[in-house]
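K.L.:
Below you'll find the structure I mean.
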There are 4 protein chains.
Amino acid sequence: MLTPAMATTRGLETPASLLENLMRVRATTVSLCDPLEPEDCVVQSAPETSPAKWHLAHTTWFFETFVLQPFVSGYKSFQDEFVLLFNSYYESVGSFYPRKDRGLLTRPSFASILDYRRHVDSELAALLGDTSHSHAQDIAARCTLGLHHEQQHQELLLTDIKHLFWCNPLRPTYRERSPAPAGVAADIEWLAYPAGVYDTGHGGCGFAFDNEIPRHRSYVEPFRIASRPVSNGEFLEFLEDGGYSEPTLWLSDGWQTVCKRSWSAPLYWEERDKTWWQFSLSGMHEINQAEPVCHVSYYEADAFARWAGKRLPTETEWEIAASEHQQGGNFFDNSRLHPQPCSGETSFFGDVWQWTASAYSPYPGYRAQRGALGEYNGKFMINQQVLRGGSCVTSRSHIRSSYRNFFYPHERWQFKGLRLAGA
Amino acid sequence: MLTPAMATTRGLETPASLLENLMRVRATTVSLCDPLEPEDCVVQSAPETSPAKWHLAHTTWFFETFVLQPFVSGYKSFQDEFVLLFNSYYESVGSFYPRKDRGLLTRPSFASILDYRRHVDSELAALLGDTSHSHAQDIAARCTLGLHHEQQHQELLLTDIKHLFWCNPLRPTYRERSPAPAGVAADIEWLAYPAGVYDTGHGGCGFAFDNEIPRHRSYVEPFRIASRPVSNGEFLEFLEDGGYSEPTLWLSDGWQTVCKRSWSAPLYWEERDKTWWQFSLSGMHEINQAEPVCHVSYYEADAFARWAGKRLPTETEWEIAASEHQQGGNFFDNSRLHPQPCSGETSFFGDVWQWTASAYSPYPGYRAQRGALGEYNGKFMINQQVLRGGSCVTSRSHIRSSYRNFFYPHERWQFKGLRLAGA
Amino acid sequence: MLTPAMATTRGLETPASLLENLMRVRATTVSLCDPLEPEDCVVQSAPETSPAKWHLAHTTWFFETFVLQPFVSGYKSFQDEFVLLFNSYYESVGSFYPRKDRGLLTRPSFASILDYRRHVDSELAALLGDTSHSHAQDIAARCTLGLHHEQQHQELLLTDIKHLFWCNPLRPTYRERSPAPAGVAADIEWLAYPAGVYDTGHGGCGFAFDNEIPRHRSYVEPFRIASRPVSNGEFLEFLEDGGYSEPTLWLSDGWQTVCKRSWSAPLYWEERDKTWWQFSLSGMHEINQAEPVCHVSYYEADAFARWAGKRLPTETEWEIAASEHQQGGNFFDNSRLHPQPCSGETSFFGDVWQWTASAYSPYPGYRAQRGALGEYNGKFMINQQVLRGGSCVTSRSHIRSSYRNFFYPHERWQFKGLRLAGA
Amino acid sequence: MLTPAMATTRGLETPASLLENLMRVRATTVSLCDPLEPEDCVVQSAPETSPAKWHLAHTTWFFETFVLQPFVSGYKSFQDEFVLLFNSYYESVGSFYPRKDRGLLTRPSFASILDYRRHVDSELAALLGDTSHSHAQDIAARCTLGLHHEQQHQELLLTDIKHLFWCNPLRPTYRERSPAPAGVAADIEWLAYPAGVYDTGHGGCGFAFDNEIPRHRSYVEPFRIASRPVSNGEFLEFLEDGGYSEPTLWLSDGWQTVCKRSWSAPLYWEERDKTWWQFSLSGMHEINQAEPVCHVSYYEADAFARWAGKRLPTETEWEIAASEHQQGGNFFDNSRLHPQPCSGETSFFGDVWQWTASAYSPYPGYRAQRGALGEYNGKFMINQQVLRGGSCVTSRSHIRSSYRNFFYPHERWQFKGLRLAGA
């Protein structure tokens, strides 16, 4: 039995280290709810978001379904209905509760979900402690996958709470924070790369998702790529130049979206007396021109690039450049939960996910794995664009240069920005 | 300054008695939430329902807006944003938060809303205690209106929780209850009335809503009306006779609704192994044939009547007959929260609201009152049908023979049944 | 076998006279298409409209289905598929082609439909000429019904073409016409009626639809009713007084419709350089203040009346007054196809249908007839309002004081206006 | 002034030859309407289709706008409103009539559109005949573009008529045709290609669209590609194996589409007594197992490939192989208007467009051209997949191995099939 949805198990940790890491990550998820009322944890503010409580339960269901059920002999599910309620989309596991209605599940209560988590954590600890288990390697591999899956949902939990609080005219604060001093972003430097055949994709040790492999070759034309993301100040120029009302700057589907949804600024921007404000997990504050622009759709990123006479990089170009600049980055670990001003340093990671010009599709030689875990990544390889780099609400340990995130072009509620490229 | 949305203030209570009644009603609203988790109180399961917490807040806003603001000198609102958040639909009071999004308001928390209620109750007590207030009569009249308004929302709170729990595959229980013994409803007796000019509408002492007046005359042809509502057993015959698949039994709009929504039974009915079960506030139980059929739309009520070779009564016919049979009735006060089996007794009140053949429209001489309270009833006088009699979740003191309830013909989530009439 | 969907057959014409009338009406329908291109006859510009060709075919299907099939021994349908294609909504006759897709039926061609009409007309002539037919009376009765049905579709054909042409930026002209001279409507006189029990409904000789009977009694409070409809000039005052932006003037459903559809004037009105223009079957022309306002919804009619401090009459009040003023009226027969300026004369008929405050519901004692023809009127008795009086595109011979037309409150594409009433 | 939306003008024809070709193509467009009634030419059966008349007019508008207006001094448009009515989507040219409402334009009539075409053709002939025109080269280039644009609309006209006729229960026939003899497709051969850096994209002489350039390099892993498209017989196996009810075979968006639209077979397939029939431009006939499967979405193509243990080729792979097999192909020129049985011959062109695994995006170095013609291709480079090869309703002279067609993954009304690839 092979490890399904990951690239490699080479270099995995010892069971003890894995258990420690896993429990730390699991505890972090729960701690994300500390600033929340039980009511905040149950509501779903848009079809693409999920309630905090659902994130807590689903990540637990993941371990119960893919680790405990197959490997703990005689395991009895904590509560039978949870199989239905907290399956996200795994058709192979059975039917699942409609995604758009997750916010109706006032029961099980928050307290019950914490019980569920404790129960599963305790069973996981026992299982990982049994180093003589005949499937110890598989168990470790699946727990590693579950850990990364849980980190993804930590990010989603924060983006979903941000969206929920934005819908409330009271504009609640998730975490008090002193805003960074206002300023202007440092100038962009253009990093140049020659034409050639390059290797990208995950190829080394450590964990990777199946969509990052195999490592493979691509022929790339010469390109230049910006040393930092586009800033709020730059985006404001686009906006003030009439960018949102000039159709020729936009992809056709993008322009239709702009018109239909009456977009005139990034999500979470609000104009008050001719000044632009922005909603963050720390409430409303004035736009800081030095920060990377955030919460833009692919359409806005693409239109900005066209207006600027540039283009978005492909994911291959991005990965080639990013592989050389792995240091730094403002991640979840910094507790700021908001992009930080662009300094003069070349930076590819953290702050904002960066839209690429690449459609999300399989690498040459990609094969979806057998079984339910094969539904993890492959079945979404249509209609979405790849984003790279991680954001201020992504865990540092979750990200690498080969990491591929993907969203629909119109979606804005994640922490998404852009980086320019050119010939 | 006149009392806006009510028929009459004749025979109103003493200030002390009013205060006592009001505080008892206010306390009852809060106690309805005793069996609920905070999470249950925040979610909205359909656009036409509201969260429990919203009901608690809106009824309080009503007193703050229509009693405290105008009559307490220098009154400062408890929290300014609440004026926006908890205004239901009063255009004259200003803009209001979108009805369909009430379930997004995780803040203010349940606890904050209880604070709000305590604050307003305390101010109301002080105001009503000031018997020398120059507007004491107006204050008493508006408090009486607010009391009846609050009772309406008590009923809605229960029907909305029932709907919410129904959406949850766990099918939570609101209140444990021993079901009534299964049986068969007593035979219907037909009460006959001769042709003539009759008076209906509210004309006596005591409170009435403005839509119940003026008392007025109608010429009525001879009619017969059933001594009790239609039972589950009778409705089951219609269902088993193919009633839901025979278009000629239905109004055209009704048949389109049946097809579009795939209706094949009343709301909250579920077939399990060829037996019909029903969801109640006490969970799932088998259909009791002796109980009045409940949670049917106007379309189903009308189709049943056509199938039975009868018709629905007009509201005038209903009121003529009901005025003579005011005793009894299974109301909220009985704590059963579910219709009880039809005994042999003639009964017009409680158990289930009864659809009438009458469109909700103004009585001759009706005038919408001036000011915001004029928006209470009149502006809904189109596209809805009148229901009469109250239900098992209506307060006994809230109902009278002239009481007019109204809903859209397709709505089913209230406790609605029907009574037959004929020539 | 009784005549199903009509009130009475007393006083029907001789077979020869009926045949002559029928053929004249049938020929008129075809002549309505004279100014049209074949392309104009196939398109459906809104779900509630139908293509001209479909009207030609459906009225023919009506005679084939309800007269030829049952009474011509061995009758074979002209083309089998037409039973499906041109059944409007008769569930008893079998399935029917979706209403919203009628505009996709480019075949059968216009020419084929004319063949169909000729075939059916010829069969009808033979049947009506057979005075010894054992069902001669039923045949005559059904042909009479078909004749009135055909007149209804003549009106619909014209209203549907008007809507189609309006959708076209070229604003085509159906019929050249010299507009009436601009002016101001004569003053309204108020006709007063005392309280009492009145008889309304059809009770005499001649044809009537089943929804007009039985003649029955109603108690009516004293009322006054205007001698003429509301004029464009009066409606313009409402509009310029901000009527379309003041929610308290509107029924709740009306206000939602105004907002959702961005209504700011009656249908077919267009502002050009601060002057209001109007589209008619003769193209665009400036608003004539003396003409009755036309193409308003129930919501607009009701809001205007509230603004004016009046109300809409009930259908009973309308009929009581109209029965005394049967003369005159601008009908289809005048060939103007547009309302004419309001003179000083009291007029209840022609020009514009007049919305009443009455929901469309059955008269006391109404019974839907057995068989498919019972689907003609009764199944629409919900969610619609009654209109009275006929319009400039209604045939004179089609109208009487008991005639009940009915439409949904939001619909505007018929020639609909209003008349005020008050205490 | 450069030639905007095309790759190259090298090797263009002489003015005389171009004029002759252009007029032949223009005449062909009109002749496509010969089997149609005027009514067939006006209706739009789905938002993504257009009426035949609109195709006739829009292609003419294209020449008027992009050739006559800029290059004929003092040119006056044939009719001013046509600029609005027949602009498809060129934002730079001004506003345009809503795409979904094209079917409402019963005027201008078919005859008027023919006048419009004659007028523009005559002006074009004069302009092209003026070989001393100072912009003769630009004129020739734009006329060449217009010719290819017109060929695209010829194909669309046929696919749109097929869809329209399918919506009609009469199932009209566009062209009588004897069906090919039933049979079984010849076995697939697998053409193998080694890894390496390949050149694709248009690079030679002759016309190409701007999305086909620049010619560029790609690194490609070793691959094998099928010698012919997938046949009806093969697709039937997938269908009978439950392919349409097994979610794990589908992309997530695909499965949602299958469920929402209740897909259970390709478009235009219909089961009658356990035999599958298919609608063609010659009416209904039994499925011929030897023909390529046609009218499938990307989702169905992808699911079939997964079921077969293969995958779809990338557009680069397809072009590498197709460049070596340019002979043959069943095109519009053959007059069959339906795919022909798969013989043993290797074939890449004609019969059915073949879905590729490649998202439609710009080639490295692509630049959208300046001006309105820059809107031709680039602004659609999102959310669509590339198809290759042309179909039985594409003109032979319109296709080349570098030709990129593109549609949304859910669309099926074009003649679309698939070809398998593998490692």
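Ordered as shown in the structure tokens, chains take letters A, B, and onward, while each chain numbers its residues from 1 and ligands are numbered from 1 in the order shown.
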I'd like the contact shell of stretch 291-308 of chain D - 7 Å cut-off, only C-alpha atoms, skipping same-chain residues fewer than 5 positions apart - returned as JSON, numbers by chain.

P.N.:
{"D": [185, 229, 230, 231, 232, 235, 238, 249, 250, 251, 254, 266, 267, 339, 340, 341, 342, 352, 355, 409, 410, 411, 412, 413, 414, 415, 416, 417, 418, 420]}

K.L.:
Could you write those residues out with N, CA, C and O atoms, as a short mmCIF file (atom, residue, chain, number, x, y, z; two decimals), in the first residue's frame?

P.N.:
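Produced file part.cif, reproduced below:
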```cif
data_model
loop_
_atom_site.label_atom_id
_atom_site.label_comp_id
_atom_site.auth_asym_id
_atom_site.auth_seq_id
_atom_site.Cartn_x
_atom_site.Cartn_y
_atom_site.Cartn_z
N ALA D 185 -15.07 1.21 -36.30
CA ALA D 185 -13.88 1.98 -36.65
C ALA D 185 -12.65 1.08 -36.74
O ALA D 185 -12.55 0.08 -36.01
N PRO D 229 -9.46 9.84 -34.06
CA PRO D 229 -10.27 10.22 -32.90
C PRO D 229 -10.99 9.02 -32.27
O PRO D 229 -11.09 7.96 -32.90
N VAL D 230 -11.48 9.21 -31.10
CA VAL D 230 -12.32 8.21 -30.44
C VAL D 230 -13.64 8.06 -31.19
O VAL D 230 -14.22 9.05 -31.63
N SER D 231 -14.10 6.83 -31.34
CA SER D 231 -15.30 6.57 -32.12
C SER D 231 -16.55 6.52 -31.25
O SER D 231 -16.47 6.35 -30.03
N ASN D 232 -17.70 6.62 -31.89
CA ASN D 232 -18.98 6.43 -31.20
C ASN D 232 -19.02 5.08 -30.48
O ASN D 232 -19.53 4.98 -29.35
N PHE D 235 -17.07 5.29 -27.38
CA PHE D 235 -17.73 6.14 -26.38
C PHE D 235 -18.94 5.43 -25.77
O PHE D 235 -19.26 5.57 -24.59
N PHE D 238 -17.96 3.35 -22.88
CA PHE D 238 -17.82 4.20 -21.68
C PHE D 238 -19.19 4.46 -21.05
O PHE D 238 -19.40 4.29 -19.84
N LEU D 249 -14.42 9.38 -12.14
CA LEU D 249 -13.85 9.52 -13.48
C LEU D 249 -13.79 10.99 -13.92
O LEU D 249 -13.18 11.29 -14.95
N TRP D 250 -14.41 11.86 -13.17
CA TRP D 250 -14.63 13.22 -13.67
C TRP D 250 -13.82 14.26 -12.90
O TRP D 250 -13.61 14.12 -11.69
N LEU D 251 -13.46 15.30 -13.60
CA LEU D 251 -13.01 16.51 -12.93
C LEU D 251 -14.15 17.02 -12.04
O LEU D 251 -15.32 16.82 -12.36
N GLY D 254 -16.55 19.12 -13.77
CA GLY D 254 -17.25 18.30 -14.75
C GLY D 254 -18.39 17.53 -14.10
O GLY D 254 -19.51 17.49 -14.61
N PRO D 266 -23.68 12.25 -25.04
CA PRO D 266 -23.31 13.47 -25.77
C PRO D 266 -24.55 14.27 -26.19
O PRO D 266 -25.65 13.72 -26.27
N LEU D 267 -24.34 15.53 -26.47
CA LEU D 267 -25.43 16.36 -27.01
C LEU D 267 -25.92 15.75 -28.33
O LEU D 267 -25.12 15.20 -29.09
N PRO D 339 -19.58 13.98 -39.31
CA PRO D 339 -18.35 13.18 -39.30
C PRO D 339 -18.51 11.88 -40.07
O PRO D 339 -19.59 11.28 -40.06
N GLN D 340 -17.44 11.46 -40.71
CA GLN D 340 -17.47 10.22 -41.49
C GLN D 340 -16.77 9.10 -40.71
O GLN D 340 -15.93 9.36 -39.86
N PRO D 341 -17.12 7.85 -41.00
CA PRO D 341 -16.53 6.71 -40.28
C PRO D 341 -15.01 6.74 -40.29
O PRO D 341 -14.39 7.16 -41.28
N CYS D 342 -14.41 6.30 -39.19
CA CYS D 342 -12.96 6.28 -39.06
C CYS D 342 -12.39 5.12 -39.88
O CYS D 342 -12.62 3.96 -39.55
N VAL D 352 -14.05 16.16 -36.63
CA VAL D 352 -14.35 16.75 -35.32
C VAL D 352 -13.16 17.54 -34.78
O VAL D 352 -12.01 17.10 -34.88
N TRP D 355 -10.49 18.17 -28.52
CA TRP D 355 -10.14 18.84 -27.27
C TRP D 355 -8.68 18.51 -26.92
O TRP D 355 -8.27 17.35 -27.00
N PRO D 409 -15.04 24.70 -21.25
CA PRO D 409 -15.06 23.23 -21.09
C PRO D 409 -16.45 22.60 -21.12
O PRO D 409 -16.57 21.42 -21.41
N HIS D 410 -17.48 23.37 -20.79
CA HIS D 410 -18.81 22.75 -20.73
C HIS D 410 -19.56 22.81 -22.06
O HIS D 410 -20.64 22.25 -22.18
N GLU D 411 -19.00 23.50 -23.05
CA GLU D 411 -19.76 23.72 -24.28
C GLU D 411 -19.71 22.51 -25.21
O GLU D 411 -18.67 21.90 -25.39
N ARG D 412 -20.85 22.21 -25.82
CA ARG D 412 -20.93 20.99 -26.62
C ARG D 412 -21.51 21.19 -28.01
O ARG D 412 -21.55 20.23 -28.79
N TRP D 413 -22.01 22.42 -28.31
CA TRP D 413 -22.78 22.51 -29.55
C TRP D 413 -21.92 22.58 -30.81
O TRP D 413 -22.42 22.39 -31.91
N GLN D 414 -20.62 22.82 -30.66
CA GLN D 414 -19.73 22.69 -31.82
C GLN D 414 -19.48 21.21 -32.10
O GLN D 414 -19.77 20.35 -31.28
N PHE D 415 -18.91 20.92 -33.27
CA PHE D 415 -18.56 19.53 -33.60
C PHE D 415 -17.23 19.19 -32.93
O PHE D 415 -16.17 19.35 -33.51
N LYS D 416 -17.35 18.71 -31.69
CA LYS D 416 -16.17 18.47 -30.88
C LYS D 416 -16.06 17.01 -30.48
O LYS D 416 -17.03 16.45 -29.96
N GLY D 417 -14.87 16.44 -30.67
CA GLY D 417 -14.60 15.09 -30.23
C GLY D 417 -13.28 15.08 -29.49
O GLY D 417 -12.86 16.07 -28.92
N LEU D 418 -12.60 13.95 -29.52
CA LEU D 418 -11.32 13.86 -28.82
C LEU D 418 -10.44 12.79 -29.45
O LEU D 418 -10.91 11.91 -30.16
N LEU D 420 -6.95 10.40 -28.14
CA LEU D 420 -6.22 9.99 -26.94
C LEU D 420 -4.71 10.15 -27.10
O LEU D 420 -4.18 10.12 -28.21
#
```

K.L.:
Which residues, written as a ChimeraX atom specification, have at least one atom at most 12 Å from D:Asp130, with only C-alpha atoms counted and residues fewer than 5 positions away on the same chain left out?

P.N.:
/D:15-16,19,71-72,123-125,135-137,139-140

K.L.:
Generate the output file for the selected residues, N, CA, C and O atoms, as a PDB file, in the first residue's frame.

P.N.:
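Result file follows (selection.pdb):
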```pdb
ATOM      1  N   PRO D  15      -3.930  41.002 -55.424  1.00  0.00           N
ATOM      2  CA  PRO D  15      -5.239  41.626 -55.192  1.00  0.00           C
ATOM      3  C   PRO D  15      -6.352  40.948 -55.975  1.00  0.00           C
ATOM      4  O   PRO D  15      -7.450  40.740 -55.452  1.00  0.00           O
ATOM      5  N   ALA D  16      -6.089  40.566 -57.171  1.00  0.00           N
ATOM      6  CA  ALA D  16      -7.137  39.959 -57.999  1.00  0.00           C
ATOM      7  C   ALA D  16      -7.550  38.619 -57.428  1.00  0.00           C
ATOM      8  O   ALA D  16      -8.743  38.282 -57.313  1.00  0.00           O
ATOM      9  N   LEU D  19      -9.491  39.143 -54.208  1.00  0.00           N
ATOM     10  CA  LEU D  19     -10.865  39.585 -54.459  1.00  0.00           C
ATOM     11  C   LEU D  19     -11.745  38.411 -54.874  1.00  0.00           C
ATOM     12  O   LEU D  19     -12.866  38.240 -54.392  1.00  0.00           O
ATOM     13  N   PHE D  71     -10.524  53.174 -44.835  1.00  0.00           N
ATOM     14  CA  PHE D  71      -9.760  53.296 -46.088  1.00  0.00           C
ATOM     15  C   PHE D  71     -10.540  53.880 -47.263  1.00  0.00           C
ATOM     16  O   PHE D  71      -9.939  54.207 -48.279  1.00  0.00           O
ATOM     17  N   VAL D  72     -11.862  53.959 -47.177  1.00  0.00           N
ATOM     18  CA  VAL D  72     -12.610  54.598 -48.254  1.00  0.00           C
ATOM     19  C   VAL D  72     -12.915  56.023 -47.806  1.00  0.00           C
ATOM     20  O   VAL D  72     -13.665  56.232 -46.845  1.00  0.00           O
ATOM     21  N   GLU D 123     -18.525  47.865 -52.526  1.00  0.00           N
ATOM     22  CA  GLU D 123     -17.497  48.813 -52.081  1.00  0.00           C
ATOM     23  C   GLU D 123     -16.142  48.122 -51.927  1.00  0.00           C
ATOM     24  O   GLU D 123     -15.095  48.697 -52.228  1.00  0.00           O
ATOM     25  N   LEU D 124     -16.192  46.896 -51.414  1.00  0.00           N
ATOM     26  CA  LEU D 124     -14.943  46.152 -51.231  1.00  0.00           C
ATOM     27  C   LEU D 124     -14.273  45.882 -52.571  1.00  0.00           C
ATOM     28  O   LEU D 124     -13.052  45.996 -52.735  1.00  0.00           O
ATOM     29  N   ALA D 125     -15.098  45.508 -53.551  1.00  0.00           N
ATOM     30  CA  ALA D 125     -14.560  45.207 -54.876  1.00  0.00           C
ATOM     31  C   ALA D 125     -13.867  46.437 -55.450  1.00  0.00           C
ATOM     32  O   ALA D 125     -12.751  46.359 -55.990  1.00  0.00           O
ATOM     33  N   HIS D 135      -2.803  52.539 -49.092  1.00  0.00           N
ATOM     34  CA  HIS D 135      -2.791  51.514 -48.040  1.00  0.00           C
ATOM     35  C   HIS D 135      -3.139  50.152 -48.597  1.00  0.00           C
ATOM     36  O   HIS D 135      -3.703  49.311 -47.892  1.00  0.00           O
ATOM     37  N   ALA D 136      -2.794  49.930 -49.851  1.00  0.00           N
ATOM     38  CA  ALA D 136      -3.222  48.690 -50.522  1.00  0.00           C
ATOM     39  C   ALA D 136      -2.809  47.456 -49.722  1.00  0.00           C
ATOM     40  O   ALA D 136      -3.565  46.482 -49.619  1.00  0.00           O
ATOM     41  N   GLN D 137      -1.620  47.494 -49.136  1.00  0.00           N
ATOM     42  CA  GLN D 137      -1.160  46.316 -48.406  1.00  0.00           C
ATOM     43  C   GLN D 137      -1.982  46.077 -47.139  1.00  0.00           C
ATOM     44  O   GLN D 137      -2.368  44.952 -46.828  1.00  0.00           O
ATOM     45  N   ILE D 139      -5.022  47.087 -46.673  1.00  0.00           N
ATOM     46  CA  ILE D 139      -6.366  46.690 -47.111  1.00  0.00           C
ATOM     47  C   ILE D 139      -6.395  45.200 -47.414  1.00  0.00           C
ATOM     48  O   ILE D 139      -7.301  44.471 -46.984  1.00  0.00           O
ATOM     49  N   ALA D 140      -5.401  44.746 -48.131  1.00  0.00           N
ATOM     50  CA  ALA D 140      -5.338  43.319 -48.480  1.00  0.00           C
ATOM     51  C   ALA D 140      -5.237  42.483 -47.209  1.00  0.00           C
ATOM     52  O   ALA D 140      -5.905  41.448 -47.064  1.00  0.00           O
TER      53      ALA D 140
END
```

K.L.:
Define the interface residues of chain B facing chain A as those within 6 Å, counting only C-alpha atoms, and report them as a list in words.

P.N.:
Glu39, Asp40, Leu105, Thr106 and Asn168 of chain B

K.L.:
Convert the current residue selection to file output with N, CA, C and O atoms, as a PDB file, in the first residue's frame.

P.N.:
```
ATOM      1  N   GLU B  39     -24.841  28.841  19.260  1.00  0.00           N
ATOM      2  CA  GLU B  39     -24.764  28.648  17.814  1.00  0.00           C
ATOM      3  C   GLU B  39     -26.134  28.536  17.162  1.00  0.00           C
ATOM      4  O   GLU B  39     -26.335  28.958  16.026  1.00  0.00           O
ATOM      5  N   ASP B  40     -27.079  27.891  17.858  1.00  0.00           N
ATOM      6  CA  ASP B  40     -28.426  27.750  17.302  1.00  0.00           C
ATOM      7  C   ASP B  40     -29.088  29.106  17.092  1.00  0.00           C
ATOM      8  O   ASP B  40     -30.001  29.237  16.280  1.00  0.00           O
ATOM      9  N   LEU B 105     -24.720  37.845  11.112  1.00  0.00           N
ATOM     10  CA  LEU B 105     -24.409  38.746  12.231  1.00  0.00           C
ATOM     11  C   LEU B 105     -24.006  37.945  13.469  1.00  0.00           C
ATOM     12  O   LEU B 105     -24.768  37.834  14.432  1.00  0.00           O
ATOM     13  N   THR B 106     -22.799  37.418  13.461  1.00  0.00           N
ATOM     14  CA  THR B 106     -22.346  36.681  14.646  1.00  0.00           C
ATOM     15  C   THR B 106     -22.132  37.642  15.809  1.00  0.00           C
ATOM     16  O   THR B 106     -22.198  37.240  16.955  1.00  0.00           O
ATOM     17  N   ASN B 168     -30.712  19.987   9.598  1.00  0.00           N
ATOM     18  CA  ASN B 168     -29.554  19.301  10.165  1.00  0.00           C
ATOM     19  C   ASN B 168     -29.803  17.795  10.177  1.00  0.00           C
ATOM     20  O   ASN B 168     -30.772  17.331  10.781  1.00  0.00           O
TER      21      ASN B 168
END
```

K.L.:
Name the residues in contact with C:Ile113 at a cut-off of 10 Å, using only C-alpha atoms, excluding same-chain residues fewer than 2 positions from it; report them as a PyMOL selection string.

P.N.:
chain C and resi 53-54+56-58+60+107-111+115-119

K.L.:
Using the selection just defined, write its residues with C-alpha atoms as a PDB file, in the first residue's frame.

P.N.:
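Output below, filename result_23.pdb:
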```
ATOM      1  CA  LYS C  53     -47.370  32.732 -35.422  1.00  0.00           C
ATOM      2  CA  TRP C  54     -48.008  30.864 -32.227  1.00  0.00           C
ATOM      3  CA  LEU C  56     -52.361  32.009 -35.118  1.00  0.00           C
ATOM      4  CA  ALA C  57     -51.697  28.346 -34.491  1.00  0.00           C
ATOM      5  CA  HIS C  58     -52.914  28.073 -30.934  1.00  0.00           C
ATOM      6  CA  THR C  60     -56.662  27.108 -34.459  1.00  0.00           C
ATOM      7  CA  ARG C 107     -41.056  25.511 -38.069  1.00  0.00           C
ATOM      8  CA  PRO C 108     -43.833  25.021 -38.948  1.00  0.00           C
ATOM      9  CA  SER C 109     -43.412  28.105 -41.101  1.00  0.00           C
ATOM     10  CA  PHE C 110     -45.845  30.984 -41.280  1.00  0.00           C
ATOM     11  CA  ALA C 111     -47.139  29.611 -44.564  1.00  0.00           C
ATOM     12  CA  ASP C 115     -52.612  26.177 -44.316  1.00  0.00           C
ATOM     13  CA  TYR C 116     -53.533  24.856 -40.903  1.00  0.00           C
ATOM     14  CA  ARG C 117     -55.933  27.716 -40.362  1.00  0.00           C
ATOM     15  CA  ARG C 118     -57.583  27.241 -43.754  1.00  0.00           C
ATOM     16  CA  HIS C 119     -58.011  23.545 -43.120  1.00  0.00           C
TER      17      HIS C 119
END
```

K.L.:
Tell me, as a PDB file with C-alpha atoms, in the first residue's frame, which residues lie within 7 Å of stretch 394-396 of chain C, counting only C-alpha atoms; anything in the same chain fewer than 3 positions away does not count.

P.N.:
```pdb
ATOM      1  CA  GLN C 151     -60.422  37.793 -29.732  1.00  0.00           C
ATOM      2  CA  GLU C 155     -55.238  41.557 -28.285  1.00  0.00           C
ATOM      3  CA  PHE C 331     -61.503  49.969 -29.082  1.00  0.00           C
ATOM      4  CA  PHE C 332     -59.554  47.903 -31.584  1.00  0.00           C
ATOM      5  CA  ASP C 333     -62.372  48.587 -34.034  1.00  0.00           C
ATOM      6  CA  GLY C 390     -61.054  46.649 -22.135  1.00  0.00           C
ATOM      7  CA  SER C 391     -58.471  48.634 -24.042  1.00  0.00           C
ATOM      8  CA  ILE C 399     -66.292  43.527 -23.730  1.00  0.00           C
TER       9      ILE C 399
END
```

K.L.:
Give the strand (DSSP E) residues of stretch 39-213 of chain B, as DSSP finds them on the backbone, and put them as an NGL selection string.

P.N.:
:B and (190-193 or 196-200)

K.L.:
Considering only C-alpha atoms, can you say which of B:Gln354, B:Asn211, B:Ser252, B:Ser335 comes closest to C:Tyr376?

P.N.:
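When distances to C:Tyr376 are compared using only C-alpha atoms, the smallest one comes from B:Ser252.
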
K.L.:
Run DSSP on the backbone and give me the residues of stretch 156-185 of chain D it puts in helix (DSSP H, G or I), as a ChimeraX atom specification.

P.N.:
/D:156-166
